[in-house]
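A.B. asks: First the structure, which I've put down as C-alpha coordinates, then a few questions once you've had a look.
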Amino acid sequence: MTPWPDNNTAVALRAKLAESLDPTGSSDWRLAFETVPRHLFVPRFLEQRDGTWEPVRWGDAGFLEAVYADDALTTQVDAHNLPTSSSSQPSVMLAMLDALDARPGDRVLELGTGTGYNLALLASRLGDQDLVSIEPDTGLVQDAITRLGQLGHRPRIVAGDGTLGYPNNAPYQRIIATFALPAGIPRALLDQLAPDGVIVAPLGHGIVRLVHHGDGHATGQFLPSDVRFMTARHTSPNGPALDAARQAPARTSTTTPESLFTDRIGFPLSLALPRHTTCSWKNPAGQIEAVAIWLPDGSTALADTDGTVRQTGPRRLWDIVEGLAQRLPQSVERHDVHLTVTPTEQTATHTPSGTHWPLAKH
(Lines give C-alpha, C1' and ligand atoms only; values in the text may rest on other atoms or scores of the structure.)
Protein backbone atom coordinates (compact mmCIF):
# COMPACT_ATOMS: atom_id res chain seq x y z
CA MET A 1 0.00 0.00 0.00
CA THR A 2 1.20 3.52 -0.80
CA PRO A 3 0.39 6.58 1.34
CA TRP A 4 -1.14 8.24 -1.74
CA PRO A 5 -3.90 7.07 -4.09
CA ASP A 6 -2.57 4.77 -6.80
CA ASN A 7 -3.88 2.00 -9.02
CA ASN A 8 -2.91 -0.25 -11.91
CA THR A 9 -4.13 2.36 -14.39
CA ALA A 10 -1.73 4.97 -13.02
CA VAL A 11 1.15 2.47 -13.07
CA ALA A 12 0.41 1.54 -16.69
CA LEU A 13 0.08 5.17 -17.75
CA ARG A 14 3.43 6.03 -16.12
CA ALA A 15 5.10 3.25 -18.06
CA LYS A 16 3.41 4.38 -21.28
CA LEU A 17 4.53 7.98 -20.73
CA ALA A 18 8.13 6.93 -20.05
CA GLU A 19 8.12 4.79 -23.20
CA SER A 20 6.80 7.68 -25.31
CA LEU A 21 9.38 10.09 -23.87
CA ASP A 22 12.33 7.74 -24.36
CA PRO A 23 11.42 5.06 -26.91
CA THR A 24 15.05 3.95 -27.37
CA GLY A 25 15.77 3.63 -23.65
CA SER A 26 18.82 5.87 -24.00
CA SER A 27 18.04 8.36 -21.22
CA ASP A 28 19.34 7.88 -17.69
CA TRP A 29 16.08 9.47 -16.49
CA ARG A 30 13.62 6.98 -17.96
CA LEU A 31 13.32 4.91 -14.77
CA ALA A 32 12.52 8.06 -12.78
CA PHE A 33 9.62 8.88 -15.10
CA GLU A 34 8.40 5.28 -14.82
CA THR A 35 8.43 5.24 -11.03
CA VAL A 36 7.71 8.78 -9.77
CA PRO A 37 3.92 9.30 -9.57
CA ARG A 38 3.17 12.63 -11.23
CA HIS A 39 -0.38 12.52 -9.87
CA LEU A 40 0.97 12.69 -6.31
CA PHE A 41 2.48 16.09 -7.15
CA VAL A 42 -0.47 17.16 -9.30
CA PRO A 43 -3.48 15.91 -7.31
CA ARG A 44 -5.46 18.71 -8.92
CA PHE A 45 -4.97 20.78 -12.06
CA LEU A 46 -6.97 23.51 -13.75
CA GLU A 47 -8.60 23.49 -17.19
CA GLN A 48 -10.09 26.49 -18.93
CA ARG A 49 -13.71 25.96 -19.85
CA ASP A 50 -15.79 28.79 -21.27
CA GLY A 51 -13.30 31.33 -19.97
CA THR A 52 -13.14 30.02 -16.40
CA TRP A 53 -10.66 27.75 -14.64
CA GLU A 54 -12.23 24.46 -13.56
CA PRO A 55 -10.44 22.00 -11.25
CA VAL A 56 -9.85 18.38 -12.27
CA ARG A 57 -9.00 15.92 -9.46
CA TRP A 58 -8.25 12.29 -8.73
CA GLY A 59 -11.41 10.34 -9.46
CA ASP A 60 -12.65 12.75 -12.13
CA ALA A 61 -13.07 11.37 -15.63
CA GLY A 62 -9.87 11.72 -17.63
CA PHE A 63 -7.76 12.86 -14.67
CA LEU A 64 -5.06 10.20 -14.87
CA GLU A 65 -4.97 10.25 -18.66
CA ALA A 66 -4.35 14.02 -18.56
CA VAL A 67 -1.72 13.81 -15.81
CA TYR A 68 0.24 11.17 -17.71
CA ALA A 69 -0.05 12.88 -21.09
CA ASP A 70 2.91 14.84 -22.44
CA ASP A 71 1.31 18.16 -21.57
CA ALA A 72 1.97 21.05 -19.20
CA LEU A 73 -0.70 21.38 -16.51
CA THR A 74 -1.74 24.62 -14.82
CA THR A 75 -1.88 24.08 -11.07
CA GLN A 76 -2.36 27.57 -9.63
CA VAL A 77 -3.71 30.96 -10.72
CA ASP A 78 -3.70 34.36 -9.04
CA ALA A 79 -6.51 36.79 -8.26
CA HIS A 80 -6.47 37.93 -11.90
CA ASN A 81 -6.82 34.32 -13.12
CA LEU A 82 -3.26 34.37 -14.46
CA PRO A 83 -1.29 31.11 -14.02
CA THR A 84 1.36 31.28 -11.31
CA SER A 85 2.40 27.63 -11.12
CA SER A 86 2.31 24.62 -13.37
CA SER A 87 3.69 21.15 -13.94
CA SER A 88 5.90 21.43 -17.02
CA GLN A 89 5.54 19.31 -20.16
CA PRO A 90 7.29 15.99 -19.38
CA SER A 91 9.19 15.84 -22.70
CA VAL A 92 10.65 19.30 -22.00
CA MET A 93 11.54 18.21 -18.46
CA LEU A 94 13.35 15.16 -19.83
CA ALA A 95 15.26 17.26 -22.38
CA MET A 96 16.40 19.61 -19.62
CA LEU A 97 17.40 16.77 -17.29
CA ASP A 98 19.35 15.09 -20.09
CA ALA A 99 21.09 18.40 -20.83
CA LEU A 100 21.84 18.90 -17.12
CA ASP A 101 23.75 15.60 -17.10
CA ALA A 102 23.75 15.43 -13.30
CA ARG A 103 25.37 12.39 -11.69
CA PRO A 104 25.03 10.93 -8.18
CA GLY A 105 27.34 12.93 -5.93
CA ASP A 106 26.79 16.20 -7.79
CA ARG A 107 25.52 19.07 -5.69
CA VAL A 108 22.40 20.30 -7.50
CA LEU A 109 20.37 23.48 -7.06
CA GLU A 110 16.85 23.66 -8.49
CA LEU A 111 15.29 27.07 -8.99
CA GLY A 112 11.51 26.92 -8.66
CA THR A 113 10.21 23.92 -6.71
CA GLY A 114 6.66 24.36 -7.97
CA THR A 115 4.69 21.14 -7.49
CA GLY A 116 7.85 19.24 -6.52
CA TYR A 117 7.59 16.76 -9.42
CA ASN A 118 10.86 17.74 -11.07
CA LEU A 119 12.59 17.65 -7.69
CA ALA A 120 11.19 14.16 -7.11
CA LEU A 121 12.64 13.03 -10.44
CA LEU A 122 16.02 14.44 -9.40
CA ALA A 123 15.81 12.77 -5.96
CA SER A 124 14.75 9.45 -7.47
CA ARG A 125 18.01 9.17 -9.42
CA LEU A 126 20.47 11.29 -7.46
CA GLY A 127 19.31 10.84 -3.87
CA ASP A 128 18.49 13.61 -1.39
CA GLN A 129 21.74 14.54 0.28
CA ASP A 130 23.07 16.98 -2.31
CA LEU A 131 19.78 18.43 -3.55
CA VAL A 132 18.55 21.95 -2.78
CA SER A 133 15.42 23.58 -4.22
CA ILE A 134 14.27 27.17 -3.76
CA GLU A 135 10.72 28.47 -4.24
CA PRO A 136 9.20 31.91 -3.51
CA ASP A 137 5.71 30.58 -2.68
CA THR A 138 5.75 29.30 0.91
CA GLY A 139 2.55 27.33 0.35
CA LEU A 140 4.15 25.42 -2.51
CA VAL A 141 7.22 24.82 -0.35
CA GLN A 142 5.12 23.10 2.32
CA ASP A 143 3.15 21.07 -0.23
CA ALA A 144 6.34 19.87 -1.90
CA ILE A 145 7.93 18.90 1.42
CA THR A 146 4.85 16.84 2.28
CA ARG A 147 4.60 15.12 -1.10
CA LEU A 148 8.29 14.32 -1.35
CA GLY A 149 8.15 12.98 2.20
CA GLN A 150 5.45 10.53 1.13
CA LEU A 151 8.00 9.06 -1.28
CA GLY A 152 10.66 8.97 1.42
CA HIS A 153 12.60 11.90 -0.01
CA ARG A 154 13.80 14.80 2.13
CA PRO A 155 15.89 17.20 0.03
CA ARG A 156 16.41 20.71 1.33
CA ILE A 157 13.58 22.96 0.14
CA VAL A 158 13.76 26.63 1.10
CA ALA A 159 11.59 29.68 0.52
CA GLY A 160 13.27 32.46 -1.41
CA ASP A 161 14.04 34.14 -4.72
CA GLY A 162 15.54 31.62 -7.12
CA THR A 163 17.33 34.29 -9.15
CA LEU A 164 19.53 34.87 -6.08
CA GLY A 165 20.35 31.19 -5.73
CA TYR A 166 21.14 29.62 -2.36
CA PRO A 167 24.74 30.40 -1.38
CA ASN A 168 24.61 28.40 1.87
CA ASN A 169 25.21 25.13 0.00
CA ALA A 170 27.38 26.47 -2.85
CA PRO A 171 29.30 25.62 -4.91
CA TYR A 172 26.99 23.52 -7.06
CA GLN A 173 28.02 21.25 -9.90
CA ARG A 174 24.61 21.66 -11.53
CA ILE A 175 21.86 24.32 -11.49
CA ILE A 176 18.50 23.86 -13.20
CA ALA A 177 15.70 26.45 -13.42
CA THR A 178 12.03 25.57 -13.89
CA PHE A 179 10.96 29.15 -14.71
CA ALA A 180 12.16 31.63 -17.32
CA LEU A 181 14.97 33.81 -16.01
CA PRO A 182 13.86 37.42 -16.42
CA ALA A 183 16.95 38.94 -18.06
CA GLY A 184 19.99 36.84 -18.82
CA ILE A 185 21.87 34.66 -16.35
CA PRO A 186 22.05 36.30 -12.90
CA ARG A 187 25.63 36.78 -11.69
CA ALA A 188 24.61 35.31 -8.32
CA LEU A 189 23.99 31.95 -9.98
CA LEU A 190 27.38 31.91 -11.70
CA ASP A 191 29.05 32.86 -8.43
CA GLN A 192 27.49 29.75 -6.87
CA LEU A 193 28.34 27.42 -9.76
CA ALA A 194 31.58 25.44 -9.57
CA PRO A 195 34.12 25.71 -12.40
CA ASP A 196 33.04 23.34 -15.20
CA GLY A 197 29.59 23.33 -13.62
CA VAL A 198 26.49 23.36 -15.80
CA ILE A 199 23.38 25.51 -15.69
CA VAL A 200 20.25 24.66 -17.69
CA ALA A 201 17.60 27.34 -17.70
CA PRO A 202 14.70 28.70 -19.74
CA LEU A 203 15.73 32.02 -21.25
CA GLY A 204 13.43 33.94 -23.54
CA HIS A 205 11.61 31.46 -25.80
CA GLY A 206 14.31 28.83 -25.43
CA ILE A 207 16.37 26.75 -23.03
CA VAL A 208 20.09 27.40 -22.67
CA ARG A 209 22.80 25.05 -21.43
CA LEU A 210 25.90 26.84 -20.16
CA VAL A 211 29.23 25.61 -18.85
CA HIS A 212 30.91 27.83 -16.25
CA HIS A 213 34.58 28.59 -16.86
CA GLY A 214 35.06 30.44 -13.58
CA ASP A 215 35.04 34.08 -12.49
CA GLY A 216 31.66 34.83 -14.07
CA HIS A 217 32.54 33.53 -17.54
CA ALA A 218 30.33 30.91 -19.21
CA THR A 219 29.52 29.70 -22.71
CA GLY A 220 26.91 27.41 -24.21
CA GLN A 221 24.07 27.08 -26.65
CA PHE A 222 20.32 26.71 -26.80
CA LEU A 223 18.45 23.43 -26.98
CA PRO A 224 16.26 22.91 -30.07
CA SER A 225 12.98 23.20 -28.10
CA ASP A 226 10.56 26.10 -28.68
CA VAL A 227 9.19 26.69 -25.19
CA ARG A 228 7.36 29.29 -23.11
CA PHE A 229 7.99 29.06 -19.37
CA MET A 230 6.45 31.20 -16.66
CA THR A 231 8.75 34.01 -15.58
CA ALA A 232 9.89 34.85 -12.06
CA ARG A 233 6.82 36.07 -10.22
CA HIS A 234 8.17 39.52 -9.38
CA THR A 235 8.09 40.60 -13.04
CA SER A 236 5.71 43.45 -13.83
CA PRO A 237 2.54 43.04 -15.93
CA ASN A 238 2.25 46.77 -16.74
CA GLY A 239 0.32 47.57 -19.90
CA PRO A 240 1.38 49.59 -22.97
CA ALA A 241 1.46 53.39 -23.21
CA LEU A 242 -0.76 53.34 -26.30
CA ASP A 243 -2.09 56.89 -26.01
CA ALA A 244 1.41 58.35 -25.73
CA ALA A 245 2.61 56.20 -28.62
CA ARG A 246 -0.23 57.37 -30.87
CA GLN A 247 0.84 60.97 -30.24
CA ALA A 248 4.53 60.27 -30.96
CA PRO A 249 6.19 61.35 -34.23
CA ALA A 250 5.71 58.89 -37.09
CA ARG A 251 8.39 57.36 -39.28
CA THR A 252 8.47 54.67 -41.95
CA SER A 253 9.79 51.15 -41.48
CA THR A 254 10.35 48.33 -43.96
CA THR A 255 10.08 45.70 -41.21
CA THR A 256 6.55 44.30 -41.36
CA PRO A 257 4.40 44.01 -38.23
CA GLU A 258 3.83 40.31 -38.97
CA SER A 259 7.54 39.60 -38.55
CA LEU A 260 7.16 40.22 -34.82
CA PHE A 261 5.38 36.86 -34.54
CA THR A 262 7.78 34.79 -36.61
CA ASP A 263 10.30 32.52 -34.93
CA ARG A 264 13.05 34.26 -36.89
CA ILE A 265 12.45 37.50 -34.98
CA GLY A 266 10.41 36.33 -31.99
CA PHE A 267 13.10 34.09 -30.47
CA PRO A 268 16.03 36.55 -30.77
CA LEU A 269 13.75 39.35 -29.55
CA SER A 270 12.80 37.29 -26.48
CA LEU A 271 16.50 37.38 -25.52
CA ALA A 272 17.07 41.03 -26.35
CA LEU A 273 13.82 42.17 -24.67
CA PRO A 274 12.83 39.35 -22.29
CA ARG A 275 10.06 41.29 -20.55
CA HIS A 276 8.35 42.50 -23.70
CA THR A 277 4.68 41.93 -24.46
CA THR A 278 2.94 42.13 -27.82
CA CYS A 279 -0.57 42.42 -29.17
CA SER A 280 -2.12 42.84 -32.61
CA TRP A 281 -5.18 44.28 -34.29
CA LYS A 282 -6.79 42.29 -37.11
CA ASN A 283 -9.35 43.09 -39.80
CA PRO A 284 -12.53 40.99 -40.26
CA ALA A 285 -10.60 38.63 -42.55
CA GLY A 286 -8.17 37.86 -39.73
CA GLN A 287 -5.24 39.71 -41.27
CA ILE A 288 -2.95 41.76 -39.03
CA GLU A 289 -3.36 45.52 -39.49
CA ALA A 290 -1.15 46.76 -36.65
CA VAL A 291 0.92 45.52 -33.71
CA ALA A 292 2.13 46.91 -30.42
CA ILE A 293 5.17 45.93 -28.40
CA TRP A 294 5.92 47.26 -24.92
CA LEU A 295 8.02 46.87 -21.79
CA PRO A 296 7.09 47.36 -18.12
CA ASP A 297 9.04 50.65 -18.10
CA GLY A 298 6.48 52.20 -20.48
CA SER A 299 8.51 51.86 -23.67
CA THR A 300 5.93 51.24 -26.40
CA ALA A 301 5.99 50.93 -30.18
CA LEU A 302 3.09 50.83 -32.63
CA ALA A 303 3.61 49.52 -36.17
CA ASP A 304 1.02 49.54 -38.96
CA THR A 305 1.01 47.45 -42.12
CA ASP A 306 1.41 50.62 -44.18
CA GLY A 307 4.91 50.96 -42.67
CA THR A 308 4.08 53.69 -40.15
CA VAL A 309 5.82 53.34 -36.79
CA ARG A 310 5.43 55.40 -33.63
CA GLN A 311 7.47 54.96 -30.46
CA THR A 312 7.50 56.35 -26.95
CA GLY A 313 9.25 55.74 -23.67
CA PRO A 314 12.89 55.35 -22.64
CA ARG A 315 13.67 52.66 -25.27
CA ARG A 316 12.96 52.68 -29.00
CA LEU A 317 11.64 49.15 -29.29
CA TRP A 318 10.97 49.06 -33.02
CA ASP A 319 14.56 50.11 -33.64
CA ILE A 320 15.61 46.89 -31.89
CA VAL A 321 13.13 44.84 -33.93
CA GLU A 322 14.43 46.41 -37.15
CA GLY A 323 18.05 45.81 -36.22
CA LEU A 324 17.43 42.10 -35.73
CA ALA A 325 15.35 41.83 -38.91
CA GLN A 326 18.05 43.50 -40.99
CA ARG A 327 20.95 41.42 -39.66
CA LEU A 328 19.54 37.94 -39.17
CA PRO A 329 19.25 35.38 -41.99
CA GLN A 330 15.84 34.16 -43.13
CA SER A 331 15.97 31.07 -40.91
CA VAL A 332 17.10 30.93 -37.29
CA GLU A 333 17.35 27.57 -35.51
CA ARG A 334 17.65 27.67 -31.73
CA HIS A 335 20.55 25.22 -31.54
CA ASP A 336 22.53 27.56 -33.81
CA VAL A 337 22.35 30.32 -31.20
CA HIS A 338 25.18 30.41 -28.67
CA LEU A 339 25.42 32.47 -25.50
CA THR A 340 28.57 34.04 -24.10
CA VAL A 341 28.52 35.37 -20.54
CA THR A 342 31.17 37.60 -18.99
CA PRO A 343 31.11 39.62 -15.76
CA THR A 344 30.08 42.73 -17.73
CA GLU A 345 27.87 41.51 -20.60
CA GLN A 346 25.92 38.63 -22.10
CA THR A 347 25.82 38.16 -25.86
CA ALA A 348 23.80 35.84 -28.09
CA THR A 349 25.36 34.84 -31.41
CA HIS A 350 23.78 33.14 -34.39
CA THR A 351 26.87 31.16 -35.30
CA PRO A 352 26.15 30.40 -39.00
CA SER A 353 25.76 34.10 -39.83
CA GLY A 354 27.92 35.62 -37.11
CA THR A 355 25.06 37.93 -36.12
CA HIS A 356 25.21 38.84 -32.44
CA TRP A 357 23.14 40.96 -30.10
CA PRO A 358 23.23 41.83 -26.39
CA LEU A 359 20.89 40.36 -23.82
CA ALA A 360 19.00 42.65 -21.51
CA LYS A 361 20.82 43.34 -18.27
CA HIS A 362 19.56 42.67 -14.74
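In the C-alpha coordinates, chains take the letters A, B, ... in the order shown, each chain's residues start at 1, and ligands count up from 1 in the order shown.
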Which of segment 233-347 of chain A end up as alpha helix (DSSP H) when DSSP is run on this backbone - answer as a list in words?
C.D. replies: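 Residues of segment 233-347 of chain A classed as alpha helix (DSSP H): Leu242, Asp243, Ala244, Ala245, Arg246, Asp263, Arg264, Ile265, Gly266, Phe267, Pro268, Leu269, Ser270, Leu271, Ala272, Leu317, Trp318, Asp319, Ile320, Val321, Glu322, Gly323, Leu324, Ala325, Gln326 and Arg327 of chain A.
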A.B. asks: Could you name the residues that touch segment 39-51 of chain A at 8 Å or less, counting only C-alpha atoms, but leaving out those on the same chain fewer than 4 positions away, as a list in words?
C.D. replies: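 The filter keeps Trp4, Pro5, Pro55, Val56, Arg57, Trp58, Leu64, Val67, Tyr68, Leu73, Thr74, Thr75, Gln76, Ser87, Thr115, Gly116, Tyr117, Ala144 and Arg147 of chain A.
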A.B. asks: Between atom CA of Ser26 of chain A and atom CA of Pro90 of chain A, what is the distance, to one decimal in Å?
C.D. replies: 16.0 Å
A.B. asks: From the list A:Gly323, A:Pro314, A:Pro329, A:Gly216, which residue is nearest Glu345 of chain A when using only C-alpha atoms?
C.D. replies: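 Answer, going by the shortest atom-to-atom distance: A:Gly216.
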A.B. asks: May I ask for the distance between atom CA of Asp71 of chain A and atom CA of Gln89 of chain A, given in Å to one decimal place?
C.D. replies: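 Atom-to-atom, atom CA of Asp71 of chain A to atom CA of Gln89 of chain A, that is 4.6 Å.
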A.B. asks: Considering only C-alpha atoms, state which residue in the set A:Ser280, A:Asn169, A:Thr351, A:Thr35 is at the smallest distance from Asp6 of chain A.
C.D. replies: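 For Asp6 of chain A, the nearest of the given residues is A:Thr35.
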A.B. asks: Nearest to Ala241 of chain A among A:Val200, A:Leu260, A:Leu273, A:Ser299, with distances taken over only C-alpha atoms: which residue is it?
C.D. replies: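 Ranking A:Val200, A:Leu260, A:Leu273, A:Ser299 by distance to Ala241 of chain A, first place goes to A:Ser299.
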